[in-house]
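J.: For reference, this is run-v9.cif, and it has mmCIF, C-alpha atoms.
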data_protein
loop_
_atom_site.label_atom_id
_atom_site.label_comp_id
_atom_site.auth_asym_id
_atom_site.auth_seq_id
_atom_site.Cartn_x
_atom_site.Cartn_y
_atom_site.Cartn_z
CA MET E 1 120.25 107.69 102.14
CA PRO E 2 122.61 104.74 101.40
CA LEU E 3 121.23 102.50 98.66
CA ALA E 4 121.12 99.49 100.99
CA LEU E 5 118.63 101.34 103.22
CA VAL E 6 116.18 102.03 100.38
CA PRO E 7 114.37 98.65 100.80
CA VAL E 8 113.90 99.38 104.51
CA PHE E 9 112.46 102.82 103.66
CA VAL E 10 110.09 101.28 101.10
CA VAL E 11 108.95 98.64 103.60
CA GLY E 12 108.09 101.46 106.02
CA LEU E 13 106.26 103.33 103.27
CA LEU E 14 104.19 100.33 102.15
CA GLY E 15 103.72 98.91 105.63
CA SER E 16 102.38 102.21 106.95
CA VAL E 17 98.89 101.21 105.79
CA HIS E 18 98.94 99.19 109.02
CA CYS E 19 99.43 102.43 110.93
CA ALA E 20 95.95 103.60 109.94
CA GLY E 21 94.50 101.14 112.43
CA MET E 22 97.27 101.19 115.04
CA CYS E 23 98.00 104.92 115.25
CA GLY E 24 95.49 106.61 112.95
CA GLY E 25 93.15 107.66 115.74
CA ILE E 26 95.76 109.31 117.92
CA VAL E 27 97.56 111.15 115.12
CA GLY E 28 94.23 112.36 113.78
CA ALA E 29 93.36 113.72 117.21
CA LEU E 30 96.64 115.62 117.33
CA SER E 31 95.58 117.85 114.44
CA VAL E 32 92.54 119.12 116.32
CA VAL E 33 93.22 122.52 117.86
CA PRO E 34 91.06 124.15 120.58
CA GLY E 35 87.77 125.37 119.13
CA ALA E 36 87.91 123.01 116.15
CA ALA E 37 85.62 120.01 115.89
CA ARG E 38 87.76 118.17 113.33
CA PRO E 39 91.27 118.20 111.84
CA ILE E 40 92.23 121.52 110.21
CA PRO E 41 92.91 121.29 106.46
CA LEU E 42 96.37 122.45 105.41
CA ARG E 43 94.98 125.18 103.20
CA VAL E 44 93.92 127.08 106.35
CA VAL E 45 97.56 127.92 107.06
CA PRO E 46 97.28 130.00 110.29
CA GLN E 47 95.05 127.39 111.95
CA ALA E 48 96.92 124.42 110.49
CA ALA E 49 100.32 125.53 111.81
CA PRO E 50 99.73 124.35 115.43
CA ALA E 51 98.34 121.03 114.18
CA LEU E 52 101.30 120.52 111.86
CA ALA E 53 103.76 121.35 114.65
CA ASN E 54 102.05 118.80 116.92
CA VAL E 55 102.04 116.06 114.30
CA LEU E 56 105.70 116.68 113.41
CA ALA E 57 106.70 116.63 117.07
CA TYR E 58 104.76 113.42 117.68
CA ASN E 59 106.42 111.69 114.74
CA ALA E 60 109.86 112.92 115.75
CA GLY E 61 109.37 111.29 119.15
CA ARG E 62 108.03 108.10 117.58
CA ILE E 63 110.97 107.76 115.20
CA ALA E 64 113.41 108.52 118.03
CA SER E 65 111.98 105.54 119.94
CA TYR E 66 112.35 103.36 116.86
CA MET E 67 115.99 104.43 116.61
CA ALA E 68 116.56 103.66 120.29
CA ALA E 69 115.09 100.17 119.81
CA GLY E 70 117.23 99.76 116.67
CA ALA E 71 120.36 100.80 118.53
CA LEU E 72 119.56 98.25 121.24
CA ALA E 73 118.98 95.51 118.65
CA GLY E 74 122.14 96.45 116.74
CA GLY E 75 124.11 96.49 119.96
CA ILE E 76 122.95 92.96 120.73
CA GLY E 77 124.11 91.92 117.28
CA GLU E 78 127.43 93.68 117.84
CA GLY E 79 127.87 91.89 121.15
CA ALA E 80 127.61 88.60 119.28
CA GLY E 81 129.98 89.88 116.60
CA ALA E 82 132.44 87.02 116.84
CA LEU E 83 129.66 84.51 116.23
CA ALA E 84 128.02 86.68 113.58
CA ARG E 85 131.16 86.42 111.46
CA LEU E 86 130.58 82.70 111.07
CA PRO E 87 129.22 82.18 107.54
CA ALA E 88 126.48 79.79 108.65
CA LEU E 89 125.11 82.27 111.20
CA GLN E 90 125.35 85.15 108.74
CA ALA E 91 123.34 83.16 106.22
CA GLY E 92 120.83 82.15 108.90
CA GLY E 93 120.34 85.76 109.95
CA TYR E 94 119.81 86.83 106.35
CA TRP E 95 117.21 84.11 105.86
CA MET E 96 115.45 85.17 109.07
CA ALA E 97 115.34 88.87 108.08
CA ASN E 98 113.72 88.12 104.71
CA LEU E 99 111.41 85.49 106.18
CA MET E 100 110.17 88.11 108.65
CA LEU E 101 109.63 90.46 105.70
CA ALA E 102 107.54 87.84 103.89
CA MET E 103 105.56 87.24 107.08
CA LEU E 104 104.97 90.99 107.35
CA GLY E 105 103.56 91.04 103.82
CA LEU E 106 101.09 88.28 104.70
CA TYR E 107 100.24 90.13 107.93
CA LEU E 108 99.46 93.35 106.03
CA MET E 109 97.25 91.38 103.64
CA ASP E 110 95.36 89.84 106.59
CA ALA E 111 96.29 86.46 105.15
CA TRP E 112 98.24 85.34 108.23
CA ARG E 113 98.18 86.81 111.74
CA GLY E 114 101.26 85.12 113.21
CA LEU E 115 103.01 88.43 113.90
CA ALA E 116 100.20 89.25 116.32
CA ARG E 117 101.88 86.78 118.70
CA LEU E 118 104.97 88.99 118.71
CA GLU E 119 102.74 91.95 119.53
CA GLN E 120 101.42 90.02 122.51
CA ALA E 121 105.00 89.48 123.70
CA GLY E 122 105.61 93.22 123.31
CA GLN E 123 102.88 93.86 125.89
CA LEU E 124 105.49 93.14 128.56
CA VAL E 125 107.23 96.42 127.67
CA TRP E 126 104.06 98.32 126.81
CA ARG E 127 102.50 97.67 130.22
CA ARG E 128 105.38 99.61 131.77
CA VAL E 129 105.28 102.43 129.22
CA GLN E 130 101.54 102.98 128.87
CA PRO E 131 100.95 104.49 132.37
CA LEU E 132 103.36 107.29 131.48
CA LEU E 133 100.95 108.53 128.80
CA ARG E 134 98.70 110.01 131.47
CA HIS E 135 101.33 112.69 132.04
CA VAL E 136 100.90 113.95 128.46
CA ARG E 137 97.09 113.84 128.36
CA PRO E 138 95.55 117.18 127.24
CA LEU E 139 93.29 119.13 129.57
CA PRO E 140 89.61 119.53 128.54
CA GLY E 141 89.30 122.15 125.80
CA ALA E 142 93.06 122.36 125.30
CA SER E 143 95.63 120.75 123.04
CA LEU E 144 99.11 119.50 123.76
CA GLY E 145 102.04 121.65 122.71
CA PRO E 146 104.91 120.31 120.60
CA ALA E 147 107.05 119.49 123.66
CA LYS E 148 104.42 117.19 125.16
CA MET E 149 103.60 115.78 121.74
CA LEU E 150 107.28 114.87 121.33
CA ALA E 151 107.07 112.98 124.63
CA ALA E 152 103.78 111.34 123.61
CA GLY E 153 105.30 110.17 120.33
CA ALA E 154 108.36 108.80 122.13
CA LEU E 155 106.10 106.76 124.41
CA TRP E 156 103.75 105.66 121.63
CA GLY E 157 106.75 104.41 119.65
CA TRP E 158 106.93 101.46 122.06
CA LEU E 159 103.39 100.30 121.21
CA PRO E 160 103.57 96.56 120.33
CA CYS E 161 103.71 96.36 116.54
CA GLY E 162 104.55 93.30 114.45
CA MET E 163 105.71 95.53 111.60
CA VAL E 164 108.31 97.24 113.79
CA TYR E 165 109.48 93.92 115.23
CA SER E 166 110.01 92.47 111.75
CA VAL E 167 112.32 95.36 110.81
CA LEU E 168 114.18 95.13 114.13
CA VAL E 169 115.56 91.78 112.92
CA THR E 170 117.31 93.67 110.12
CA ALA E 171 118.50 96.27 112.64
CA MET E 172 120.06 93.48 114.69
CA LEU E 173 121.86 92.16 111.61
CA SER E 174 123.46 95.57 111.04
CA GLY E 175 126.05 94.53 113.63
CA SER E 176 126.32 97.82 115.52
CA ALA E 177 124.20 100.17 117.62
CA ALA E 178 124.71 103.01 115.11
CA GLY E 179 123.80 100.72 112.22
CA GLY E 180 120.65 99.50 113.97
CA ALA E 181 119.58 103.08 114.69
CA LEU E 182 120.14 103.98 111.03
CA VAL E 183 118.01 101.05 109.85
CA MET E 184 115.14 102.14 112.09
CA LEU E 185 115.56 105.77 111.02
CA ALA E 186 115.10 104.70 107.38
CA PHE E 187 112.05 102.65 108.38
CA GLY E 188 110.58 105.50 110.43
CA LEU E 189 111.06 107.99 107.59
CA GLY E 190 109.22 105.56 105.34
CA THR E 191 106.20 105.62 107.67
CA LEU E 192 106.33 109.41 108.00
CA PRO E 193 104.35 110.47 104.87
CA MET E 194 101.42 108.26 105.80
CA LEU E 195 101.31 109.34 109.43
CA LEU E 196 101.60 113.01 108.50
CA GLY E 197 98.66 112.50 106.18
CA LEU E 198 96.69 110.70 108.89
CA GLY E 199 97.37 113.54 111.31
CA LEU E 200 96.27 116.28 108.93
CA LEU E 201 93.50 114.56 106.94
CA GLY E 202 92.16 112.28 109.65
CA ALA E 203 89.24 109.95 108.91
CA ARG E 204 89.19 110.70 105.18
CA LEU E 205 92.58 109.10 104.64
CA ARG E 206 91.97 106.31 107.16
CA ALA E 207 88.85 105.25 105.25
CA GLY E 208 90.85 104.87 102.05
CA LEU E 209 93.64 102.92 103.73
CA ARG E 210 91.17 100.43 105.16
CA LEU E 211 90.08 99.36 101.68
CA ARG E 212 90.97 95.72 101.20
CA GLY E 213 92.49 96.37 97.78
CA VAL E 214 94.95 98.91 99.20
CA ARG E 215 96.09 96.58 101.98
CA LEU E 216 96.39 93.65 99.57
CA ALA E 217 98.50 95.66 97.12
CA CYS E 218 100.86 97.02 99.77
CA GLY E 219 101.14 93.66 101.52
CA ALA E 220 101.83 91.88 98.24
CA LEU E 221 104.70 94.27 97.46
CA VAL E 222 106.26 93.73 100.91
CA LEU E 223 105.79 89.98 100.49
CA GLY E 224 107.55 90.28 97.13
CA PHE E 225 110.54 91.97 98.77
CA GLY E 226 110.80 89.12 101.27
CA LEU E 227 110.44 86.37 98.67
CA LEU E 228 113.00 88.04 96.42
CA GLY E 229 115.44 88.08 99.33
CA LEU E 230 114.77 84.42 100.10
CA VAL E 231 115.34 83.42 96.47
CA ARG E 232 118.57 85.39 96.51
CA ALA E 233 119.60 83.66 99.75
CA ALA E 234 119.06 80.33 98.04
CA GLY E 235 121.45 81.44 95.30
CA GLY E 236 118.80 81.70 92.63
CA LEU E 237 119.42 85.33 91.67
CA PRO E 238 122.58 87.26 90.77
CA HIS E 239 123.63 89.83 93.38
CA SER E 240 124.44 92.67 91.01
CA TRP E 241 121.05 94.06 89.98
CA VAL E 242 118.98 92.69 92.85
CA GLU E 243 121.16 94.21 95.63
CA SER E 244 119.10 97.40 95.83
CA LEU E 245 115.81 95.47 96.13
CA CYS E 246 116.72 93.13 98.99
CA VAL E 247 117.19 93.58 102.72
CA THR E 248 120.76 92.41 103.39
CA ALA E 249 122.65 91.45 106.52
CA GLY E 250 125.05 94.35 105.99
CA VAL E 251 122.35 96.88 105.23
CA ALA E 252 123.77 99.49 107.59
CA ALA E 253 127.21 98.15 108.34
#
Output the structure of this file as structure tokens.

T.:
Amino acid sequence: MPLALVPVFVVGLLGSVHCAGMCGGIVGALSVVPGAARPIPLRVVPQAAPALANVLAYNAGRIASYMAAGALAGGIGEGAGALARLPALQAGGYWMANLMLAMLGLYLMDAWRGLARLEQAGQLVWRRVQPLLRHVRPLPGASLGPAKMLAAGALWGWLPCGMVYSVLVTAMLSGSAAGGALVMLAFGLGTLPMLLGLGLLGARLRAGLRLRGVRLACGALVLGFGLLGLVRAAGGLPHSWVESLCVTAGVAA
């Protein structure tokens, strides 16, 4: 993974505590196989294999949707390439990306809920996507196979999420569809460990992630990334050592 994408990966990793509430229920349900009343622990390998395949397929579909959204955002940025090369607009975009990151940190800490307004705007897309989920609903007493779970994940990836929207600003600043997709791939891979754990451990992990101390710690770290980037944008930090810790306008260029 290019060094410039590491901050995006870490934001996904830390921000995935938010996924416990947004997606924890559905990914936990995916690990239940017919005849089982609860998620199968990984140590029961023969029984866990179908659950693991379902969870992996779901997450592959989810990350693919993130990449599609990133490619769209990056393409928009590429379309405005002539303007983006203006120093003032480049600087403004960099400030916006790190401001969104700071806002995400406050959002994760439950200290400020402004990103929820972006989620409300995302309902315009979600209202068109949500009805499609009925086509991948499991029959009573049965579980979905990996193919349908891939489709379910691809649809669920469009669920309104302030965390995703904040990273899409960075994807737009990448300046190309390929760059935007790469930014969202790094973000999606960052969320993957947590969502795999939620799918295979279910309520036990969700209970831990809902602890206020966990959310505060993760949110504070994300907030720190954003503030560090803003201080750098103001010219208060040298670029040499801090480059790998900040989201930059050319993160995937």

J.: Interatomic distance between CA of Gly145 in chain E and CA of Phe9 in chain E?

T.: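 Taking CA of Gly145 in chain E and CA of Phe9 in chain E, their separation equals 28.7 Å.
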
J.: Between E:Val169, E:Leu108, E:Gly153, E:Gly208, which is the closest to Met184 in chain E once you count only C-alpha atoms?

T.: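 Counting only C-alpha atoms, the residue closest to Met184 in chain E is E:Val169.
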
J.: Suppose a student applies the PyMOL selection byres ((chain E and resi 56) around 12) to this structure; what residues should they get, written as a PDB file with C-alpha atoms, in the frame of the given file?

T.:
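The resulting file, result-v3.pdb, is shown below:
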ATOM      1  CA  VAL E  27      97.560 111.150 115.120  1.00  0.00           C
ATOM      2  CA  LEU E  30      96.640 115.620 117.330  1.00  0.00           C
ATOM      3  CA  SER E  31      95.580 117.850 114.440  1.00  0.00           C
ATOM      4  CA  ALA E  49     100.320 125.530 111.810  1.00  0.00           C
ATOM      5  CA  PRO E  50      99.730 124.350 115.430  1.00  0.00           C
ATOM      6  CA  ALA E  51      98.340 121.030 114.180  1.00  0.00           C
ATOM      7  CA  LEU E  52     101.300 120.520 111.860  1.00  0.00           C
ATOM      8  CA  ALA E  53     103.760 121.350 114.650  1.00  0.00           C
ATOM      9  CA  ASN E  54     102.050 118.800 116.920  1.00  0.00           C
ATOM     10  CA  VAL E  55     102.040 116.060 114.300  1.00  0.00           C
ATOM     11  CA  ALA E  57     106.700 116.630 117.070  1.00  0.00           C
ATOM     12  CA  TYR E  58     104.760 113.420 117.680  1.00  0.00           C
ATOM     13  CA  ASN E  59     106.420 111.690 114.740  1.00  0.00           C
ATOM     14  CA  ALA E  60     109.860 112.920 115.750  1.00  0.00           C
ATOM     15  CA  GLY E  61     109.370 111.290 119.150  1.00  0.00           C
ATOM     16  CA  ARG E  62     108.030 108.100 117.580  1.00  0.00           C
ATOM     17  CA  ILE E  63     110.970 107.760 115.200  1.00  0.00           C
ATOM     18  CA  GLY E 145     102.040 121.650 122.710  1.00  0.00           C
ATOM     19  CA  PRO E 146     104.910 120.310 120.600  1.00  0.00           C
ATOM     20  CA  ALA E 147     107.050 119.490 123.660  1.00  0.00           C
ATOM     21  CA  LYS E 148     104.420 117.190 125.160  1.00  0.00           C
ATOM     22  CA  MET E 149     103.600 115.780 121.740  1.00  0.00           C
ATOM     23  CA  LEU E 150     107.280 114.870 121.330  1.00  0.00           C
ATOM     24  CA  ALA E 151     107.070 112.980 124.630  1.00  0.00           C
ATOM     25  CA  ALA E 152     103.780 111.340 123.610  1.00  0.00           C
ATOM     26  CA  GLY E 153     105.300 110.170 120.330  1.00  0.00           C
ATOM     27  CA  LEU E 189     111.060 107.990 107.590  1.00  0.00           C
ATOM     28  CA  LEU E 192     106.330 109.410 108.000  1.00  0.00           C
ATOM     29  CA  PRO E 193     104.350 110.470 104.870  1.00  0.00           C
ATOM     30  CA  LEU E 195     101.310 109.340 109.430  1.00  0.00           C
ATOM     31  CA  LEU E 196     101.600 113.010 108.500  1.00  0.00           C
ATOM     32  CA  GLY E 197      98.660 112.500 106.180  1.00  0.00           C
ATOM     33  CA  LEU E 198      96.690 110.700 108.890  1.00  0.00           C
ATOM     34  CA  GLY E 199      97.370 113.540 111.310  1.00  0.00           C
ATOM     35  CA  LEU E 200      96.270 116.280 108.930  1.00  0.00           C
TER      36      LEU E 200
END

J.: Find, counting all atoms listed in the file, the residue in E:Pro7, E:Gly70, E:Gly105, E:Gly114 that gets nearest to Gly157 in chain E.

T.: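 The shortest atom-to-atom distance to Gly157 in chain E comes from E:Gly70.
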
J.: Using all atoms listed in the file for the distances, tell me which of E:Val167, E:Arg210, E:Ala217, E:Ala91 is nearest to Ala181 in chain E.

T.: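 The shortest atom-to-atom distance to Ala181 in chain E comes from E:Val167.
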
J.: Calculate, to one decimal in Å, the centre and edge lengths of the box along x, y and z of the file that holds all listed atoms of range 5-9 of chain E with 3 Å of margin on each side, and present them as lines of an AutoDock Vina configuration file.

T.:
center_x = 115.5
center_y = 100.7
center_z = 102.4
size_x = 12.2
size_y = 10.2
size_z = 10.1

J.: For the interface of range 150-185 of chain E with range 75-79 of chain E (cut-off 7 Å, counting all atoms listed in the file), please tabulate each contacting residue of range 150-185 of chain E alongside its nearest pair of atoms and their separation in Å to one decimal, rows sorted by chain and increasing number, as a tab-separated table.

T.:
residue	atom	partner	partner_atom	distance
E:Met172	CA	E:Gly77	CA	5.1
E:Leu173	CA	E:Gly77	CA	6.1
E:Gly175	CA	E:Glu78	CA	4.5
E:Ser176	CA	E:Glu78	CA	4.9
E:Ala177	CA	E:Gly75	CA	4.4

J.: Within 12 Å of (113.5, 104.7, 108.4) (file coordinates; all atoms listed in the file), which protein or nucleic acid residues are there? I'd like them as a short mmCIF file (atom, residue, chain, number, x, y, z; two decimals) with C-alpha atoms, in the frame of the given file.

T.:
data_model
loop_
_atom_site.label_atom_id
_atom_site.label_comp_id
_atom_site.auth_asym_id
_atom_site.auth_seq_id
_atom_site.Cartn_x
_atom_site.Cartn_y
_atom_site.Cartn_z
CA MET E 1 120.25 107.69 102.14
CA PRO E 2 122.61 104.74 101.40
CA ALA E 4 121.12 99.49 100.99
CA LEU E 5 118.63 101.34 103.22
CA VAL E 6 116.18 102.03 100.38
CA PRO E 7 114.37 98.65 100.80
CA VAL E 8 113.90 99.38 104.51
CA PHE E 9 112.46 102.82 103.66
CA VAL E 10 110.09 101.28 101.10
CA VAL E 11 108.95 98.64 103.60
CA GLY E 12 108.09 101.46 106.02
CA LEU E 13 106.26 103.33 103.27
CA GLY E 15 103.72 98.91 105.63
CA SER E 16 102.38 102.21 106.95
CA ASN E 59 106.42 111.69 114.74
CA ALA E 60 109.86 112.92 115.75
CA ARG E 62 108.03 108.10 117.58
CA ILE E 63 110.97 107.76 115.20
CA ALA E 64 113.41 108.52 118.03
CA SER E 65 111.98 105.54 119.94
CA TYR E 66 112.35 103.36 116.86
CA MET E 67 115.99 104.43 116.61
CA GLY E 70 117.23 99.76 116.67
CA VAL E 164 108.31 97.24 113.79
CA VAL E 167 112.32 95.36 110.81
CA LEU E 168 114.18 95.13 114.13
CA THR E 170 117.31 93.67 110.12
CA ALA E 171 118.50 96.27 112.64
CA GLY E 179 123.80 100.72 112.22
CA GLY E 180 120.65 99.50 113.97
CA ALA E 181 119.58 103.08 114.69
CA LEU E 182 120.14 103.98 111.03
CA VAL E 183 118.01 101.05 109.85
CA MET E 184 115.14 102.14 112.09
CA LEU E 185 115.56 105.77 111.02
CA ALA E 186 115.10 104.70 107.38
CA PHE E 187 112.05 102.65 108.38
CA GLY E 188 110.58 105.50 110.43
CA LEU E 189 111.06 107.99 107.59
CA GLY E 190 109.22 105.56 105.34
CA THR E 191 106.20 105.62 107.67
CA LEU E 192 106.33 109.41 108.00
CA PRO E 193 104.35 110.47 104.87
CA ALA E 252 123.77 99.49 107.59
#

J.: Give me, as a list of chain:residue names, all polymer residues having an atom no more than 12 Å from Leu132 in chain E, counting all atoms listed in the file and skipping those fewer than 2 positions away in the same chain.

T.: E:Trp126, E:Arg127, E:Arg128, E:Val129, E:Gln130, E:Arg134, E:His135, E:Val136, E:Arg137, E:Lys148, E:Ala151, E:Ala152, E:Gly153, E:Ala154, E:Leu155, E:Trp156, E:Trp158

J.: May I ask for the distance between CA of Gly74 in chain E and CA of Ser174 in chain E, given in Å to one decimal place?

T.: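 CA of Gly74 in chain E sits 5.9 Å away from CA of Ser174 in chain E.
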
J.: Have a look at CA of Tyr165 in chain E and CA of Ala207 in chain E and let me know their distance in Å, one decimal.

T.: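 According to the coordinates, CA of Tyr165 in chain E and CA of Ala207 in chain E are separated by 25.6 Å.
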
J.: Closest to Leu72 in chain E among E:Val17, E:Leu221, E:Ala178, E:Ala97, using all atoms listed in the file?

T.: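 Selected residue with least distance to Leu72 in chain E: E:Ala178.
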